[in-house]
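final.cif, holding mmCIF, C-alpha atoms and all ligand atoms:
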data_work
loop_
_atom_site.group_PDB
_atom_site.id
_atom_site.type_symbol
_atom_site.label_atom_id
_atom_site.label_comp_id
_atom_site.auth_asym_id
_atom_site.auth_seq_id
_atom_site.Cartn_x
_atom_site.Cartn_y
_atom_site.Cartn_z
ATOM 1 C CA MET A 1 -9.180 184.771 -88.380
ATOM 2 C CA ARG A 2 -10.727 184.459 -84.937
ATOM 3 C CA ARG A 3 -14.135 185.076 -86.463
ATOM 4 C CA ARG A 4 -13.616 182.259 -88.957
ATOM 5 C CA VAL A 5 -12.520 179.825 -86.249
ATOM 6 C CA GLY A 6 -15.480 180.897 -84.125
ATOM 7 C CA GLY A 7 -17.845 180.416 -87.056
ATOM 8 C CA ALA A 8 -16.491 176.949 -87.792
ATOM 9 C CA ALA A 9 -16.783 175.989 -84.113
ATOM 10 C CA ALA A 10 -20.375 177.278 -84.001
ATOM 11 C CA LEU A 11 -21.155 175.309 -87.151
ATOM 12 C CA LEU A 12 -19.824 172.075 -85.715
ATOM 13 C CA ALA A 13 -21.564 172.683 -82.391
ATOM 14 C CA GLY A 14 -24.858 173.310 -84.220
ATOM 15 C CA ALA A 15 -24.456 170.140 -86.232
ATOM 16 C CA GLY A 16 -23.700 168.245 -83.038
ATOM 17 C CA LEU A 17 -26.826 169.626 -81.375
ATOM 18 C CA LEU A 18 -28.989 168.765 -84.369
ATOM 19 C CA THR A 19 -27.695 165.200 -84.425
ATOM 20 C CA GLY A 20 -28.921 164.915 -80.838
ATOM 21 C CA CYS A 21 -32.413 164.823 -82.347
ATOM 22 C CA ALA A 22 -31.587 161.553 -84.124
ATOM 23 C CA GLN A 23 -33.151 158.488 -82.576
ATOM 24 C CA GLN A 24 -30.950 156.700 -80.059
ATOM 25 C CA GLY A 25 -30.494 152.975 -80.563
ATOM 26 C CA VAL A 26 -31.748 150.415 -78.047
ATOM 27 C CA SER A 27 -28.967 147.921 -78.682
ATOM 28 C CA THR A 28 -25.199 148.166 -78.751
ATOM 29 C CA GLN A 29 -25.253 147.710 -82.532
ATOM 30 C CA ALA A 30 -27.980 150.352 -82.923
ATOM 31 C CA GLN A 31 -25.980 152.786 -80.795
ATOM 32 C CA ASP A 32 -22.989 152.241 -83.058
ATOM 33 C CA ILE A 33 -25.175 153.017 -86.077
ATOM 34 C CA HIS A 34 -26.482 156.133 -84.318
ATOM 35 C CA ASP A 35 -22.920 157.266 -83.627
ATOM 36 C CA LEU A 36 -22.132 156.782 -87.316
ATOM 37 C CA TYR A 37 -25.099 159.021 -88.221
ATOM 38 C CA VAL A 38 -23.714 161.683 -85.883
ATOM 39 C CA ARG A 39 -20.216 161.482 -87.366
ATOM 40 C CA ILE A 40 -21.569 161.677 -90.919
ATOM 41 C CA ALA A 41 -23.837 164.607 -90.050
ATOM 42 C CA ILE A 42 -20.957 166.519 -88.437
ATOM 43 C CA LEU A 43 -18.680 165.867 -91.407
ATOM 44 C CA ALA A 44 -21.423 166.630 -93.934
ATOM 45 C CA ALA A 45 -22.559 169.875 -92.277
ATOM 46 C CA PRO A 46 -19.566 172.015 -93.411
ATOM 47 C CA VAL A 47 -19.882 170.564 -96.935
ATOM 48 C CA PHE A 48 -23.591 171.397 -97.071
ATOM 49 C CA ILE A 49 -23.119 174.890 -95.669
ATOM 50 C CA GLY A 50 -20.145 175.566 -97.965
ATOM 51 C CA VAL A 51 -21.920 174.417 -101.129
ATOM 52 C CA GLU A 52 -25.105 176.330 -100.330
ATOM 53 C CA ALA A 53 -23.195 179.493 -99.403
ATOM 54 C CA TYR A 54 -21.143 179.344 -102.612
ATOM 55 C CA LEU A 55 -24.312 178.735 -104.621
ATOM 56 C CA LEU A 56 -26.055 181.751 -103.112
ATOM 57 C CA TRP A 57 -22.943 183.897 -103.600
ATOM 58 C CA CYS A 58 -22.879 182.937 -107.302
ATOM 59 C CA VAL A 59 -26.571 183.745 -107.686
ATOM 60 C CA VAL A 60 -26.088 187.222 -106.228
ATOM 61 C CA ARG A 61 -22.662 187.965 -107.737
ATOM 62 C CA TYR A 62 -23.570 186.921 -111.283
ATOM 63 C CA ARG A 63 -27.190 187.970 -111.348
ATOM 64 C CA LYS A 64 -28.442 189.582 -114.545
ATOM 65 C CA ARG A 65 -27.760 193.346 -114.475
ATOM 66 C CA ASP A 66 -28.323 194.281 -118.085
ATOM 67 C CA ASP A 67 -29.320 192.822 -121.454
ATOM 68 C CA LEU A 68 -25.751 192.087 -122.554
ATOM 69 C CA PRO A 69 -24.867 188.412 -123.053
ATOM 70 C CA ALA A 70 -23.355 186.843 -119.938
ATOM 71 C CA PRO A 71 -19.598 186.230 -120.035
ATOM 72 C CA GLN A 72 -18.830 182.648 -121.023
ATOM 73 C CA GLY A 73 -15.889 180.670 -119.679
ATOM 74 C CA ALA A 74 -14.554 177.163 -120.187
ATOM 75 C CA GLY A 75 -13.388 174.924 -117.340
ATOM 76 C CA SER A 76 -9.706 174.388 -116.647
ATOM 77 C CA GLY A 77 -7.697 171.310 -115.741
ATOM 78 C CA ARG A 78 -7.165 172.788 -112.303
ATOM 79 C CA MET A 79 -10.905 173.175 -111.692
ATOM 80 C CA LEU A 80 -11.516 169.632 -112.925
ATOM 81 C CA GLY A 81 -8.888 168.343 -110.491
ATOM 82 C CA ILE A 82 -10.546 170.150 -107.596
ATOM 83 C CA PHE A 83 -13.959 168.876 -108.754
ATOM 84 C CA PHE A 84 -12.802 165.270 -108.386
ATOM 85 C CA ALA A 85 -10.417 165.737 -105.459
ATOM 86 C CA ILE A 86 -12.964 167.137 -102.991
ATOM 87 C CA PRO A 87 -15.490 164.244 -103.245
ATOM 88 C CA THR A 88 -12.623 161.752 -103.145
ATOM 89 C CA VAL A 89 -11.370 163.239 -99.883
ATOM 90 C CA ILE A 90 -14.902 163.280 -98.408
ATOM 91 C CA ILE A 91 -15.526 159.630 -99.288
ATOM 92 C CA ALA A 92 -12.057 158.617 -98.106
ATOM 93 C CA VAL A 93 -12.756 160.214 -94.710
ATOM 94 C CA LEU A 94 -16.234 158.675 -94.363
ATOM 95 C CA PHE A 95 -15.342 155.205 -95.645
ATOM 96 C CA PRO A 96 -13.411 153.927 -92.588
ATOM 97 C CA PHE A 97 -16.205 155.017 -90.228
ATOM 98 C CA GLY A 98 -18.802 153.141 -92.297
ATOM 99 C CA GLU A 99 -16.669 150.041 -92.619
ATOM 100 C CA GLN A 100 -15.952 149.989 -88.898
ATOM 101 C CA THR A 101 -19.655 150.208 -88.023
ATOM 102 C CA LEU A 102 -20.638 147.669 -90.670
ATOM 103 C CA GLY A 103 -18.082 145.208 -89.321
ATOM 104 C CA TYR A 104 -19.466 145.580 -85.818
ATOM 105 C CA VAL A 105 -23.133 145.338 -86.836
ATOM 106 C CA GLN A 106 -22.476 142.233 -88.945
ATOM 107 C CA HIS A 107 -20.343 140.517 -86.315
ATOM 108 C CA ILE A 108 -21.872 137.247 -85.108
ATOM 109 C CA GLU A 109 -21.028 135.876 -81.665
ATOM 110 C CA LYS A 110 -19.978 132.239 -81.513
ATOM 111 C CA HIS A 111 -21.934 131.631 -78.336
ATOM 112 C CA PRO A 112 -25.027 133.879 -78.210
ATOM 113 C CA ASP A 113 -27.226 133.836 -75.123
ATOM 114 C CA VAL A 114 -30.501 133.392 -77.026
ATOM 115 C CA VAL A 115 -31.035 131.906 -80.490
ATOM 116 C CA ILE A 116 -34.279 132.721 -82.270
ATOM 117 C CA ASN A 117 -35.396 131.369 -85.627
ATOM 118 C CA ALA A 118 -37.532 134.133 -87.091
ATOM 119 C CA ASP A 119 -39.861 132.860 -89.799
ATOM 120 C CA ALA A 120 -41.640 135.354 -92.029
ATOM 121 C CA PHE A 121 -44.633 134.390 -94.130
ATOM 122 C CA GLN A 122 -47.731 136.067 -95.524
ATOM 123 C CA TRP A 123 -48.596 137.881 -93.291
ATOM 124 C CA GLU A 124 -47.230 136.833 -89.967
ATOM 125 C CA TRP A 125 -44.104 136.161 -87.945
ATOM 126 C CA THR A 126 -43.154 133.123 -85.913
ATOM 127 C CA PHE A 127 -40.284 133.175 -83.443
ATOM 128 C CA THR A 128 -38.883 129.801 -82.430
ATOM 129 C CA TYR A 129 -36.582 129.857 -79.418
ATOM 130 C CA ALA A 130 -34.100 127.191 -80.488
ATOM 131 C CA ASN A 131 -32.617 126.361 -77.085
ATOM 132 C CA GLU A 132 -35.808 126.761 -75.073
ATOM 133 C CA GLY A 133 -38.007 124.737 -77.439
ATOM 134 C CA LEU A 134 -40.607 127.455 -77.521
ATOM 135 C CA VAL A 135 -42.643 128.978 -80.336
ATOM 136 C CA SER A 136 -44.121 132.467 -80.185
ATOM 137 C CA SER A 137 -46.426 133.483 -82.962
ATOM 138 C CA GLY A 138 -49.186 135.964 -83.604
ATOM 139 C CA LYS A 139 -52.512 135.699 -85.327
ATOM 140 C CA THR A 140 -52.679 137.241 -88.769
ATOM 141 C CA LEU A 141 -54.682 140.489 -88.839
ATOM 142 C CA VAL A 142 -55.641 140.002 -85.181
ATOM 143 C CA LYS A 143 -52.636 139.828 -82.879
ATOM 144 C CA PRO A 144 -48.992 140.634 -83.620
ATOM 145 C CA ALA A 145 -46.319 138.132 -82.641
ATOM 146 C CA VAL A 146 -44.186 138.959 -79.613
ATOM 147 C CA MET A 147 -40.447 138.489 -79.465
ATOM 148 C CA GLU A 148 -39.415 138.671 -75.827
ATOM 149 C CA VAL A 149 -35.687 138.937 -75.111
ATOM 150 C CA PRO A 150 -33.508 139.576 -72.059
ATOM 151 C CA VAL A 151 -31.679 142.883 -71.755
ATOM 152 C CA ASN A 152 -27.885 143.023 -72.102
ATOM 153 C CA GLN A 153 -27.660 139.557 -73.612
ATOM 154 C CA THR A 154 -26.649 138.620 -77.131
ATOM 155 C CA ILE A 155 -29.602 137.613 -79.279
ATOM 156 C CA HIS A 156 -28.930 135.680 -82.461
ATOM 157 C CA ILE A 157 -31.588 135.826 -85.175
ATOM 158 C CA HIS A 158 -31.773 133.219 -87.926
ATOM 159 C CA LEU A 159 -34.115 134.900 -90.395
ATOM 160 C CA GLN A 160 -35.905 133.095 -93.173
ATOM 161 C CA SER A 161 -39.000 133.377 -95.344
ATOM 162 C CA ARG A 162 -41.434 130.643 -96.281
ATOM 163 C CA ASP A 163 -42.966 132.293 -99.335
ATOM 164 C CA VAL A 164 -42.005 135.704 -100.721
ATOM 165 C CA VAL A 165 -39.430 138.333 -99.786
ATOM 166 C CA HIS A 166 -40.130 140.009 -96.438
ATOM 167 C CA GLU A 167 -38.010 142.268 -94.276
ATOM 168 C CA PHE A 168 -37.323 142.257 -90.553
ATOM 169 C CA TYR A 169 -37.415 145.828 -89.315
ATOM 170 C CA VAL A 170 -37.417 147.263 -85.818
ATOM 171 C CA PRO A 171 -36.986 151.052 -86.051
ATOM 172 C CA ALA A 172 -35.574 151.225 -82.518
ATOM 173 C CA LEU A 173 -32.774 148.871 -83.579
ATOM 174 C CA LEU A 174 -31.969 151.179 -86.534
ATOM 175 C CA PHE A 175 -31.660 147.987 -88.511
ATOM 176 C CA MET A 176 -33.471 146.016 -91.189
ATOM 177 C CA ARG A 177 -32.676 142.775 -92.952
ATOM 178 C CA ASN A 178 -34.331 140.932 -95.841
ATOM 179 C CA ALA A 179 -35.960 137.536 -95.390
ATOM 180 C CA ILE A 180 -35.429 135.849 -98.739
ATOM 181 C CA PRO A 181 -36.925 132.401 -99.483
ATOM 182 C CA GLY A 182 -34.135 129.828 -99.611
ATOM 183 C CA TYR A 183 -31.466 132.262 -98.400
ATOM 184 C CA PRO A 184 -31.521 132.608 -94.608
ATOM 185 C CA ASN A 185 -29.923 135.655 -93.028
ATOM 186 C CA ASP A 186 -28.217 135.702 -89.652
ATOM 187 C CA PHE A 187 -27.492 138.613 -87.358
ATOM 188 C CA ASP A 188 -27.006 139.470 -83.692
ATOM 189 C CA PHE A 189 -28.199 142.279 -81.502
ATOM 190 C CA THR A 190 -27.646 143.050 -77.845
ATOM 191 C CA PRO A 191 -30.559 145.072 -76.421
ATOM 192 C CA THR A 192 -29.527 147.619 -73.800
ATOM 193 C CA LYS A 193 -32.797 149.383 -72.946
ATOM 194 C CA LEU A 194 -35.876 147.865 -71.407
ATOM 195 C CA GLY A 195 -39.085 148.515 -73.264
ATOM 196 C CA THR A 196 -41.560 147.475 -75.901
ATOM 197 C CA TYR A 197 -40.682 148.347 -79.468
ATOM 198 C CA PRO A 198 -42.806 147.931 -82.591
ATOM 199 C CA GLY A 199 -41.476 145.903 -85.494
ATOM 200 C CA GLN A 200 -42.830 145.294 -88.951
ATOM 201 C CA CYS A 201 -42.200 143.843 -92.364
ATOM 202 C CA ALA A 202 -40.519 146.529 -94.465
ATOM 203 C CA GLU A 203 -40.794 144.838 -97.858
ATOM 204 C CA PHE A 204 -44.094 145.008 -99.707
ATOM 205 C CA CYS A 205 -45.204 141.384 -99.675
ATOM 206 C CA GLY A 206 -48.861 141.335 -100.676
ATOM 207 C CA LEU A 207 -52.344 142.384 -99.652
ATOM 208 C CA TRP A 208 -51.862 142.505 -95.863
ATOM 209 C CA HIS A 209 -48.243 143.585 -95.810
ATOM 210 C CA SER A 210 -49.194 146.582 -93.672
ATOM 211 C CA LYS A 211 -50.580 144.232 -91.006
ATOM 212 C CA MET A 212 -47.433 142.120 -90.830
ATOM 213 C CA THR A 213 -46.257 143.547 -87.553
ATOM 214 C CA PHE A 214 -44.628 142.201 -84.415
ATOM 215 C CA VAL A 215 -43.495 143.451 -81.037
ATOM 216 C CA LEU A 216 -40.015 143.343 -79.553
ATOM 217 C CA LYS A 217 -40.118 143.220 -75.756
ATOM 218 C CA VAL A 218 -36.873 143.777 -73.897
ATOM 219 C CA VAL A 219 -37.194 142.631 -70.292
ATOM 220 C CA PRO A 220 -34.886 141.897 -67.331
ATOM 221 C CA PRO A 221 -33.311 138.403 -67.450
ATOM 222 C CA THR A 222 -35.405 137.269 -64.468
ATOM 223 C CA ASP A 223 -38.625 138.271 -66.242
ATOM 224 C CA TYR A 224 -37.421 136.546 -69.372
ATOM 225 C CA ALA A 225 -36.749 133.303 -67.474
ATOM 226 C CA ALA A 226 -40.193 133.565 -65.870
ATOM 227 C CA TRP A 227 -41.822 134.156 -69.271
ATOM 228 C CA ILE A 228 -40.078 131.108 -70.722
ATOM 229 C CA GLN A 229 -41.278 128.991 -67.805
ATOM 230 C CA SER A 230 -44.848 130.248 -68.034
ATOM 231 C CA GLU A 231 -44.977 129.723 -71.804
ATOM 232 C CA LYS A 232 -43.614 126.207 -71.406
ATOM 233 C CA ALA A 233 -46.109 125.435 -68.679
ATOM 234 C CA ALA A 234 -48.935 126.771 -70.826
ATOM 235 C CA ALA A 235 -47.810 124.609 -73.726
ATOM 236 C CA LEU A 236 -47.589 121.494 -71.525
ATOM 237 C CA ASN A 237 -50.978 122.043 -69.920
ATOM 238 C CA VAL A 238 -52.826 122.001 -73.190
ATOM 239 C CA SER A 239 -56.415 120.863 -73.023
ATOM 240 C CA CYS A 240 -57.207 119.165 -76.275
ATOM 241 C CA PRO A 241 -60.732 119.295 -77.681
ATOM 242 C CA VAL A 242 -63.242 117.151 -75.816
ATOM 243 C CA GLY A 243 -66.899 116.423 -76.356
ATOM 244 C CA PRO A 244 -68.854 115.177 -79.307
ATOM 245 C CA PRO A 245 -67.045 115.566 -82.638
ATOM 246 C CA SER A 246 -70.000 117.473 -84.062
ATOM 247 C CA VAL A 247 -69.591 120.212 -81.424
ATOM 248 C CA PRO A 248 -65.865 120.477 -80.764
ATOM 249 C CA ARG A 249 -64.756 122.537 -77.828
ATOM 250 C CA CYS A 250 -61.463 124.098 -77.126
ATOM 251 C CA SER A 251 -60.181 125.515 -73.899
ATOM 252 C CA TRP A 252 -56.809 126.401 -75.368
ATOM 253 C CA TRP A 253 -55.898 127.732 -78.739
ATOM 254 C CA ARG A 254 -52.447 128.381 -80.061
ATOM 255 C CA ARG A 255 -51.334 129.230 -83.502
ATOM 256 C CA THR A 256 -48.537 126.979 -84.759
ATOM 257 C CA PRO A 257 -46.205 127.502 -87.703
ATOM 258 C CA ARG A 258 -47.256 126.123 -91.017
ATOM 259 C CA GLY A 259 -45.714 122.784 -91.855
ATOM 260 C CA THR A 260 -45.102 121.818 -88.215
ATOM 261 C CA PRO A 261 -47.345 119.295 -86.504
ATOM 262 C CA PRO A 262 -49.280 121.084 -83.754
ATOM 263 C CA ALA A 263 -49.648 119.387 -80.414
ATOM 264 C CA CYS A 264 -53.205 120.596 -80.304
ATOM 265 C CA ARG A 265 -54.793 122.887 -82.805
ATOM 266 C CA CYS A 266 -58.354 123.991 -82.389
ATOM 267 C CA ARG A 267 -60.117 125.789 -85.186
ATOM 268 C CA THR A 268 -63.513 125.975 -83.536
ATOM 269 C CA THR A 269 -64.779 127.350 -80.267
ATOM 270 C CA SER A 270 -67.204 125.710 -77.886
ATOM 271 C CA ARG A 271 -69.997 127.575 -79.653
ATOM 272 C CA GLY A 272 -69.054 126.116 -82.975
ATOM 273 C CA ARG A 273 -67.770 129.516 -84.189
ATOM 274 C CA ARG A 274 -64.593 129.502 -86.248
ATOM 275 C CA ARG A 275 -61.833 131.653 -84.861
HETATM 276 CU CU CU B 1 -44.376 142.704 -96.035
#
Would you give me this structure, written as structure tokens?
Ligand SMILES: [Cu+2]
Amino acid sequence: MRRRVGGAAALLAGAGLLTGCAQQGVSTQAQDIHDLYVRIAILAAPVFIGVEAYLLWCVVRYRKRDDLPAPQGAGSGRMLGIFFAIPTVIIAVLFPFGEQTLGYVQHIEKHPDVVINADAFQWEWTFTYANEGLVSSGKTLVKPAVMEVPVNQTIHIHLQSRDVVHEFYVPALLFMRNAIPGYPNDFDFTPTKLGTYPGQCAEFCGLWHSKMTFVLKVVPPTDYAAWIQSEKAAALNVSCPVGPPSVPRCSWWRRTPRGTPPACRCRTTSRGRRR
């Protein structure tokens, strides 16, 4: 009996250690998802070990020993009951954990600290900071967009697509969400770890889908405020093209979202080379 209890304890401890290899989340929601992975792995480990052990035992116990036909047997009502009862119990135990985590991940704060409209389009991202009046975008195939957010503050994302189906995915957030044209999606996350995390579109959306990346930067609130100020100042100090129309020059270039009137949009450098 002691051996069995010891074996079960070792099994659970091993499963717990293995789940330590799973990626930790960098937001409160991601950490909740990580904890759910750990719970599921711990609960699934005895099932996996039990099924595999029973399978191997059957292979050895009923291996072919002679040329006589193998004994045949039909199932019983009792076996059928066990067959359905065990999965039902497993699902019933796992279900509340999943529902609890799902409810937390999908919860939307009434008063988030930062609201970002994330626009996906072939093959780029644009992040509009609704309350700061700021747009951050990348340059398709050249420079990924940057989403800078303050740590330990609630970030609300209003996700939408302008053309085909895309998907917002930051592996470190352990989270992905579709961007469907005409059907915006909303979600919150509260980053808890400073750092720079890669993000990407996770829905095949055309030729340069693989290049549709972005960067999530989690910074201290003071750095975030400074970044907002510097971006605003840069946007206000725009130098529009000057010089003869035949040789336009541009001392400042900023990509702007499609369909929005740019304050100043230069398509040509001082050398007449298109950028
Ligand atoms: Cu894509």
### Query
Once the PyMOL selection byres (((not hetatm)) within 12 of (chain B and resi 1)) has been applied to the shown file, what residues remain in the selection, as number ranges by chain?
A: 120-125, 161, 163-169, 178-180, 199-214
### Task
Quick one: apply the PyMOL selection byres (((chain A and resi 149) around 8) and not hetatm) to the file and drop the selected residues here as a ChimeraX atom specification.
/A:114,147-148,150-151,155,216-219,224
Keeping only C-alpha atoms, write the selected residues as a CSV table (one decimal), keeping the file's coordinate frame.
chain,number,residue,atom,x,y,z
A,114,VAL,CA,-30.5,133.4,-77.0
A,147,MET,CA,-40.4,138.5,-79.5
A,148,GLU,CA,-39.4,138.7,-75.8
A,150,PRO,CA,-33.5,139.6,-72.1
A,151,VAL,CA,-31.7,142.9,-71.8
A,155,ILE,CA,-29.6,137.6,-79.3
A,216,LEU,CA,-40.0,143.3,-79.6
A,217,LYS,CA,-40.1,143.2,-75.8
A,218,VAL,CA,-36.9,143.8,-73.9
A,219,VAL,CA,-37.2,142.6,-70.3
A,224,TYR,CA,-37.4,136.5,-69.4
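The gap separating atom CA of Leu55 of chain A from atom CA of Phe84 of chain A is 18.1 Å, in Å to one decimal.
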### Summary
A straight line from atom CA of Ala235 of chain A to atom CA of Leu134 of chain A spans 8.6 Å
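Atom pair atom CA of Val215 of chain A / atom CA of Tyr197 of chain A: separated by 5.9 Å.
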### Task
Write out as a PyMOL selection string which residues come within 8 Å of Gly138 of chain A when counting only C-alpha atoms, dropping same-chain ones fewer than 3 positions away.
chain A and resi 124-126+142-146+214+255
### Task
Give as a list in words every residue, naming chains and numbers as the document does, that has an atom within 6 Å of (-29.2, 152.7, -75.8), counting only C-alpha atoms.
Gly25, Val26, Ser27, Gln31, Thr192 and Lys193 of chain A
Using the selection just defined, write its residues with C-alpha atoms as a tab-separated table (two decimals), in the coordinates of the input.
chain	number	residue	atom	x	y	z
A	25	GLY	CA	-30.49	152.98	-80.56
A	26	VAL	CA	-31.75	150.42	-78.05
A	27	SER	CA	-28.97	147.92	-78.68
A	31	GLN	CA	-25.98	152.79	-80.80
A	192	THR	CA	-29.53	147.62	-73.80
A	193	LYS	CA	-32.80	149.38	-72.95
### Message
Once the PyMOL selection byres (((chain A and resi 135) around 10) and not hetatm) has been evaluated on this model, what residues remain selected, and can you format them as a PyMOL selection string?
### Response
chain A and resi 116-118+126-130+132-134+136-137+147+231-232+235+254-257
Go ahead and dump the residues you just picked, C-alpha atoms, as a JSON list (two decimals), keeping the file's coordinate frame.
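Result went into result_3.json, see below:
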[["chain", "number", "residue", "atom", "x", "y", "z"],
["A", 116, "ILE", "CA", -34.28, 132.72, -82.27],
["A", 117, "ASN", "CA", -35.40, 131.37, -85.63],
["A", 118, "ALA", "CA", -37.53, 134.13, -87.09],
["A", 126, "THR", "CA", -43.15, 133.12, -85.91],
["A", 127, "PHE", "CA", -40.28, 133.18, -83.44],
["A", 128, "THR", "CA", -38.88, 129.80, -82.43],
["A", 129, "TYR", "CA", -36.58, 129.86, -79.42],
["A", 130, "ALA", "CA", -34.10, 127.19, -80.49],
["A", 132, "GLU", "CA", -35.81, 126.76, -75.07],
["A", 133, "GLY", "CA", -38.01, 124.74, -77.44],
["A", 134, "LEU", "CA", -40.61, 127.46, -77.52],
["A", 136, "SER", "CA", -44.12, 132.47, -80.18],
["A", 137, "SER", "CA", -46.43, 133.48, -82.96],
["A", 147, "MET", "CA", -40.45, 138.49, -79.46],
["A", 231, "GLU", "CA", -44.98, 129.72, -71.80],
["A", 232, "LYS", "CA", -43.61, 126.21, -71.41],
["A", 235, "ALA", "CA", -47.81, 124.61, -73.73],
["A", 254, "ARG", "CA", -52.45, 128.38, -80.06],
["A", 255, "ARG", "CA", -51.33, 129.23, -83.50],
["A", 256, "THR", "CA", -48.54, 126.98, -84.76],
["A", 257, "PRO", "CA", -46.20, 127.50, -87.70]]
